[in-house]
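The structure file structure31.tsv is reproduced below (TSV, C-alpha atoms).
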chain	number	residue	atom	x	y	z
V	1	MET	CA	-149.19	-31.72	65.89
V	2	LEU	CA	-151.08	-28.62	67.05
V	3	THR	CA	-148.56	-27.86	69.80
V	4	GLU	CA	-145.73	-28.17	67.27
V	5	VAL	CA	-147.41	-25.81	64.79
V	6	ILE	CA	-148.16	-23.17	67.45
V	7	SER	CA	-144.69	-23.30	68.98
V	8	GLU	CA	-142.88	-23.19	65.63
V	9	PHE	CA	-144.97	-20.25	64.43
V	10	ALA	CA	-144.39	-18.26	67.63
V	11	ILE	CA	-140.66	-19.00	67.62
V	12	ARG	CA	-140.39	-18.02	63.96
V	13	VAL	CA	-142.10	-14.68	64.58
V	14	LEU	CA	-139.94	-13.87	67.60
V	15	ASP	CA	-136.76	-15.14	65.95
V	16	SER	CA	-137.34	-12.94	62.90
V	17	THR	CA	-138.15	-9.79	64.88
V	18	GLY	CA	-135.55	-10.30	67.59
V	19	TYR	CA	-135.47	-8.59	70.97
V	20	ALA	CA	-137.16	-5.51	69.51
V	21	GLY	CA	-140.14	-7.60	68.42
V	22	ALA	CA	-140.46	-9.16	71.86
V	23	ALA	CA	-140.24	-5.71	73.46
V	24	LEU	CA	-142.95	-4.39	71.15
V	25	LEU	CA	-145.28	-7.29	71.93
V	26	MET	CA	-144.80	-6.77	75.66
V	27	ALA	CA	-145.38	-3.03	75.26
V	28	LEU	CA	-148.70	-3.81	73.59
V	29	GLU	CA	-149.45	-6.33	76.35
V	30	SER	CA	-148.98	-3.63	78.98
V	31	MET	CA	-151.36	-1.28	77.19
V	32	ILE	CA	-154.97	-1.90	76.22
V	33	ALA	CA	-154.12	-3.98	73.15
V	34	PRO	CA	-155.24	-7.63	73.37
V	35	VAL	CA	-151.77	-9.26	73.46
V	36	PRO	CA	-151.46	-11.64	76.44
V	37	SER	CA	-148.02	-12.12	77.96
V	38	GLU	CA	-148.85	-15.81	78.36
V	39	ALA	CA	-148.76	-16.08	74.56
V	40	VAL	CA	-145.37	-14.36	74.24
V	41	MET	CA	-143.01	-14.98	77.15
V	42	PRO	CA	-142.99	-18.81	77.19
V	43	PHE	CA	-141.74	-18.76	73.60
V	44	VAL	CA	-139.08	-16.24	74.57
V	45	GLY	CA	-138.07	-18.93	77.05
V	46	PHE	CA	-137.91	-21.42	74.16
V	47	LEU	CA	-135.40	-19.22	72.33
V	48	VAL	CA	-133.30	-18.82	75.47
V	49	ALA	CA	-133.33	-22.58	76.02
V	50	ASP	CA	-132.24	-23.12	72.40
V	51	GLY	CA	-129.29	-20.77	72.96
V	52	LYS	CA	-130.53	-18.32	70.30
V	53	TRP	CA	-131.21	-15.54	72.80
V	54	GLY	CA	-129.39	-14.49	75.93
V	55	LEU	CA	-131.30	-14.64	79.20
V	56	THR	CA	-130.22	-11.19	80.38
V	57	GLN	CA	-130.99	-9.55	77.04
V	58	ALA	CA	-134.39	-11.24	76.87
V	59	ILE	CA	-135.34	-10.06	80.36
V	60	LEU	CA	-134.10	-6.52	79.72
V	61	ALA	CA	-135.89	-6.22	76.37
V	62	THR	CA	-139.24	-7.55	77.55
V	63	SER	CA	-139.14	-5.62	80.82
V	64	ALA	CA	-138.34	-2.43	78.92
V	65	GLY	CA	-141.26	-3.15	76.60
V	66	SER	CA	-143.60	-3.76	79.53
V	67	PHE	CA	-142.56	-0.51	81.18
V	68	LEU	CA	-142.88	1.48	77.94
V	69	GLY	CA	-146.41	0.22	77.31
V	70	SER	CA	-147.40	0.88	80.92
V	71	TYR	CA	-145.87	4.36	80.83
V	72	LEU	CA	-147.74	5.28	77.66
V	73	SER	CA	-150.98	4.18	79.33
V	74	TYR	CA	-150.01	6.19	82.42
V	75	LEU	CA	-149.43	9.29	80.26
V	76	MET	CA	-152.79	8.84	78.53
V	77	GLY	CA	-154.49	8.82	81.89
V	78	TYR	CA	-152.32	11.59	83.36
V	79	TYR	CA	-152.72	14.12	80.56
V	80	GLY	CA	-155.79	12.95	78.68
V	81	GLY	CA	-158.01	11.74	81.49
V	82	ARG	CA	-160.77	9.19	81.22
V	83	PRO	CA	-162.52	10.71	78.14
V	84	PHE	CA	-159.32	10.55	76.08
V	85	VAL	CA	-158.58	6.98	77.18
V	86	LEU	CA	-162.07	5.85	76.20
V	87	SER	CA	-161.91	7.61	72.84
V	88	VAL	CA	-158.59	5.95	71.98
V	89	GLY	CA	-159.42	2.65	73.64
V	90	ARG	CA	-162.39	1.87	71.43
V	91	TYR	CA	-159.96	1.33	68.55
V	92	LEU	CA	-157.99	-1.16	70.66
V	93	LEU	CA	-161.00	-3.17	71.88
V	94	LEU	CA	-160.98	-1.56	75.32
V	95	ASP	CA	-163.75	-2.96	77.48
V	96	VAL	CA	-165.20	-0.04	79.46
V	97	HIS	CA	-166.55	-2.38	82.13
V	98	ASP	CA	-163.09	-3.87	82.73
V	99	LEU	CA	-161.63	-0.36	82.98
V	100	GLU	CA	-164.26	0.64	85.54
V	101	LEU	CA	-163.53	-2.46	87.63
V	102	THR	CA	-159.80	-1.72	87.49
V	103	GLU	CA	-160.37	1.91	88.47
V	104	ARG	CA	-162.46	0.91	91.47
V	105	PHE	CA	-159.91	-1.71	92.51
V	106	PHE	CA	-157.00	0.72	92.26
V	107	HIS	CA	-158.68	3.71	93.90
V	108	ARG	CA	-159.99	1.58	96.76
V	109	ARG	CA	-156.49	0.33	97.63
V	110	GLY	CA	-154.11	2.69	95.83
V	111	GLY	CA	-150.37	2.98	96.21
V	112	ALA	CA	-147.28	1.42	94.67
V	113	LEU	CA	-147.81	-1.91	96.46
V	114	THR	CA	-151.24	-2.29	94.84
V	115	LEU	CA	-149.80	-1.38	91.46
V	116	PHE	CA	-147.10	-4.02	91.95
V	117	ALA	CA	-149.66	-6.68	92.90
V	118	CYS	CA	-151.82	-5.80	89.91
V	119	ARG	CA	-149.05	-6.90	87.54
V	120	PHE	CA	-149.94	-10.50	88.46
V	121	ILE	CA	-153.71	-10.21	87.95
V	122	PRO	CA	-155.18	-11.04	84.52
V	123	VAL	CA	-157.01	-8.18	82.74
V	124	VAL	CA	-156.20	-5.76	85.58
V	125	ARG	CA	-152.48	-5.68	84.70
V	126	HIS	CA	-153.32	-4.45	81.18
V	127	LEU	CA	-155.31	-1.49	82.49
V	128	VAL	CA	-154.01	-0.49	85.91
V	129	SER	CA	-151.54	2.10	84.58
V	130	ILE	CA	-154.47	4.18	83.33
V	131	PRO	CA	-156.08	4.88	86.74
V	132	ALA	CA	-152.57	5.41	88.14
V	133	GLY	CA	-152.14	8.20	85.60
V	134	ILE	CA	-155.63	9.61	86.09
V	135	GLY	CA	-154.97	9.67	89.84
V	136	LYS	CA	-151.69	11.59	89.23
V	137	MET	CA	-149.55	8.94	90.93
V	138	ARG	CA	-145.95	10.11	91.28
V	139	PHE	CA	-143.63	8.87	88.54
V	140	TRP	CA	-140.92	7.08	90.51
V	141	PRO	CA	-143.22	4.91	92.67
V	142	PHE	CA	-145.11	4.08	89.48
V	143	ALA	CA	-141.94	3.23	87.56
V	144	ILE	CA	-140.42	1.07	90.32
V	145	ALA	CA	-143.61	-0.87	91.07
V	146	THR	CA	-144.40	-1.39	87.39
V	147	THR	CA	-140.91	-2.47	86.34
V	148	THR	CA	-140.42	-4.79	89.32
V	149	GLY	CA	-143.80	-6.48	88.93
V	150	ALA	CA	-143.50	-6.81	85.16
V	151	THR	CA	-139.98	-8.24	85.38
V	152	LEU	CA	-140.99	-10.87	87.92
V	153	TRP	CA	-144.06	-11.90	85.91
V	154	ASN	CA	-142.18	-11.97	82.61
V	155	GLY	CA	-139.35	-13.92	84.21
V	156	PHE	CA	-141.77	-16.48	85.63
V	157	LEU	CA	-143.38	-17.09	82.23
V	158	LEU	CA	-139.97	-17.19	80.54
V	159	GLY	CA	-138.84	-19.78	83.09
V	160	CYS	CA	-141.93	-21.89	82.40
V	161	GLY	CA	-141.16	-21.79	78.67
V	162	TYR	CA	-137.50	-22.65	79.32
V	163	LYS	CA	-138.41	-25.73	81.36
V	164	LEU	CA	-141.02	-26.78	78.81
V	165	ARG	CA	-138.42	-26.60	76.02
V	166	GLU	CA	-135.97	-28.64	78.06
V	167	ASN	CA	-138.62	-31.36	78.30
V	168	TRP	CA	-139.86	-30.98	74.73
V	169	GLY	CA	-139.17	-34.66	74.01
V	170	LEU	CA	-141.66	-35.59	76.69
V	171	VAL	CA	-144.16	-33.11	75.25
V	172	GLN	CA	-143.73	-34.73	71.83
V	173	THR	CA	-144.28	-38.17	73.31
V	174	TYR	CA	-147.62	-37.06	74.74
V	175	ARG	CA	-148.38	-34.44	72.07
V	176	HIS	CA	-151.82	-35.87	71.36
V	177	HIS	CA	-152.79	-35.22	74.96
V	178	PHE	CA	-151.38	-31.69	74.75
V	179	ASP	CA	-153.24	-31.07	71.49
V	180	ALA	CA	-156.48	-32.18	73.10
V	181	LEU	CA	-155.80	-29.94	76.10
V	182	ILE	CA	-155.16	-26.92	73.85
V	183	VAL	CA	-158.39	-27.53	71.93
V	184	ILE	CA	-160.33	-27.81	75.19
V	185	LEU	CA	-158.77	-24.61	76.55
V	186	LEU	CA	-159.49	-22.71	73.33
V	187	ALA	CA	-163.09	-23.94	73.31
V	188	ALA	CA	-163.49	-23.00	76.97
V	189	ALA	CA	-162.04	-19.53	76.33
V	190	LEU	CA	-164.40	-18.99	73.41
V	191	ALA	CA	-167.40	-20.19	75.44
V	192	TRP	CA	-166.45	-17.89	78.32
V	193	TYR	CA	-166.05	-14.92	75.97
V	194	VAL	CA	-169.48	-15.48	74.40
V	195	TRP	CA	-171.09	-15.93	77.83
V	196	TYR	CA	-169.36	-12.81	79.16
V	197	LYS	CA	-170.51	-10.66	76.23
V	198	LEU	CA	-174.10	-11.94	76.41
V	199	ARG	CA	-174.23	-11.31	80.16
V	200	ARG	CA	-172.86	-7.78	79.66
V	201	ARG	CA	-175.46	-7.10	76.95
V	202	ARG	CA	-178.31	-8.28	79.20
V	203	ALA	CA	-177.01	-6.17	82.08
V	204	MET	CA	-176.88	-3.07	79.91
V	205	ARG	CA	-180.46	-3.64	78.72
V	206	CYS	CA	-181.67	-3.86	82.32
V	207	GLN	CA	-180.09	-0.51	83.28
Rewrite the structure from the file as structure tokens, please.
Amino acid sequence: MLTEVISEFAIRVLDSTGYAGAALLMALESMIAPVPSEAVMPFVGFLVADGKWGLTQAILATSAGSFLGSYLSYLMGYYGGRPFVLSVGRYLLLDVHDLELTERFFHRRGGALTLFACRFIPVVRHLVSIPAGIGKMRFWPFAIATTTGATLWNGFLLGCGYKLRENWGLVQTYRHHFDALIVILLAAALAWYVWYKLRRRRAMRCQ
């Protein structure tokens, strides 16, 4: 029941907003807004599997959204620098610690290949465009690495959603198991978030 409710809600939202809505969600995902691609792209795959959306259009729209969000973050870092990013980021729940970790990771390795690899790393992929901008990375290497990495990641998640929709009858047969798994994952995510915040608070007190 829970899997059915979640999937129907997500499909309804995407179906009503169309490709532009999917592009906007992926733009937010590629910035510092808390919109995970894992919660968007599989349901784009559902719509493709149902024949409501075209595969090429879905990939183009979501990749364009990912690039746009990344480019806006890049511009914030390029022209505004770290102080501007932090001042804007506090309204979008930017975690300063995560940004610092991403900055260290990027500056230690640097380059378009690192930027490409970062598109597959949770948390880091949301933030890596900022240090690329702060470090004045050239536009074309940034654009190529970002677009290629985002398209591959989006396509992978879309493909997972497509296959899941094709086997939706099997999911329905074992939906109680899936519901239990979702509840466990949500509880684990909440527990991790609380633990992470408490650990951060203790670390800041010890400084």
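For the set V:Gln57, V:Thr102, V:Ser63, V:Thr17, the residue with the smallest atom-to-atom gap to Trp153 (chain V) is V:Ser63, counting all atoms listed in the file.
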Restricting the calculation to only C-alpha atoms: of V:Tyr162, V:Phe106, V:Trp53, V:Phe116, which residue gets closest to Ala143 (chain V)?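 Of V:Tyr162, V:Phe106, V:Trp53, V:Phe116, the one nearest Ala143 (chain V), counting only C-alpha atoms, is V:Phe116.
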Point out the residue among V:Arg165, V:Ala191, V:Leu60, V:Ser87 with the least atom-to-atom distance to Leu47 (chain V), counting only C-alpha atoms.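 That would be V:Arg165, the residue with the smallest distance to Leu47 (chain V).
If only C-alpha atoms are the atoms counted, then among V:Gly80, V:Glu103, V:Gly155, V:Asn167 the closest residue to Gly45 (chain V) is V:Gly155.
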note - CA of Tyr78 (chain V) and CA of Gly149 (chain V) are separated by 20.7 Å
CA of Thr151 (chain V) and CA of Asp15 (chain V), how far apart in Å?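 CA of Thr151 (chain V) lies 20.9 Å from CA of Asp15 (chain V).
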So how far away is CA of Leu28 (chain V) from CA of Val85 (chain V), in Å? 15.1 Å
Judged by all atoms listed in the file, the minimum distance to Glu100 (chain V) among V:Val35, V:Ser16, V:Trp195, V:Ile130 is found for V:Ile130
Each residue of region 20-106 of chain V with at least one atom at most 10 Å from region 139-142 of chain V should appear once, together with its nearest atom pair and the corresponding distance in Å (one decimal); atoms considered: only C-alpha atoms; ordering: chain, then increasing residue number; output as a tab-separated table.
residue	atom	partner	partner_atom	distance
V:Phe67	CA	V:Phe142	CA	9.8
V:Ser70	CA	V:Phe142	CA	9.4
V:Tyr71	CA	V:Phe142	CA	8.7
V:Tyr74	CA	V:Phe142	CA	8.8
For each of V:Leu164, V:Val44, V:Cys118, V:Ala150, take the minimum atom-to-atom distance to Ala58 (chain V), counting only C-alpha atoms, then give the residue where this is smallest.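 Checking each candidate against Ala58 (chain V), we get V:Val44 as the closest.
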With all atoms listed in the file counted, which protein, DNA or RNA residues have an atom no more than 8 Å from (-153.2, 8.7, 85.6) in the file frame? Please answer as a list in words.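 Output of the proximity query reads Tyr74, Leu75, Met76, Gly77, Tyr78, Tyr79, Gly81, Ser129, Ile130, Pro131, Ala132, Gly133, Ile134, Gly135, Lys136 and Met137 of chain V.
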Give me region 63-76 of chain V with N, CA and C atoms filled in, as a compact mmCIF listing (two decimals), in the frame of the given file.
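Generated file (rebuild-v2.txt):
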# COMPACT_ATOMS: atom_id res chain seq x y z
N SER V 63 -138.81 -6.51 79.71
CA SER V 63 -139.14 -5.62 80.82
C SER V 63 -139.23 -4.17 80.36
N ALA V 64 -138.29 -3.79 79.47
CA ALA V 64 -138.34 -2.43 78.92
C ALA V 64 -139.62 -2.22 78.12
N GLY V 65 -140.02 -3.24 77.35
CA GLY V 65 -141.26 -3.15 76.60
C GLY V 65 -142.47 -3.02 77.51
N SER V 66 -142.49 -3.82 78.57
CA SER V 66 -143.60 -3.76 79.53
C SER V 66 -143.70 -2.38 80.18
N PHE V 67 -142.54 -1.84 80.55
CA PHE V 67 -142.56 -0.51 81.18
C PHE V 67 -143.01 0.55 80.18
N LEU V 68 -142.51 0.48 78.94
CA LEU V 68 -142.88 1.48 77.94
C LEU V 68 -144.38 1.49 77.70
N GLY V 69 -144.97 0.30 77.52
CA GLY V 69 -146.41 0.22 77.31
C GLY V 69 -147.18 0.76 78.50
N SER V 70 -146.74 0.40 79.70
CA SER V 70 -147.40 0.88 80.92
C SER V 70 -147.27 2.39 81.05
N TYR V 71 -146.10 2.92 80.71
CA TYR V 71 -145.87 4.36 80.83
C TYR V 71 -146.72 5.14 79.84
N LEU V 72 -146.88 4.62 78.64
CA LEU V 72 -147.74 5.28 77.66
C LEU V 72 -149.20 5.31 78.15
N SER V 73 -149.64 4.21 78.75
CA SER V 73 -150.98 4.18 79.33
C SER V 73 -151.10 5.18 80.48
N TYR V 74 -150.06 5.24 81.30
CA TYR V 74 -150.01 6.19 82.42
C TYR V 74 -150.12 7.62 81.90
N LEU V 75 -149.39 7.94 80.83
CA LEU V 75 -149.43 9.29 80.26
C LEU V 75 -150.80 9.61 79.68
N MET V 76 -151.44 8.61 79.05
CA MET V 76 -152.79 8.84 78.53
C MET V 76 -153.75 9.22 79.64
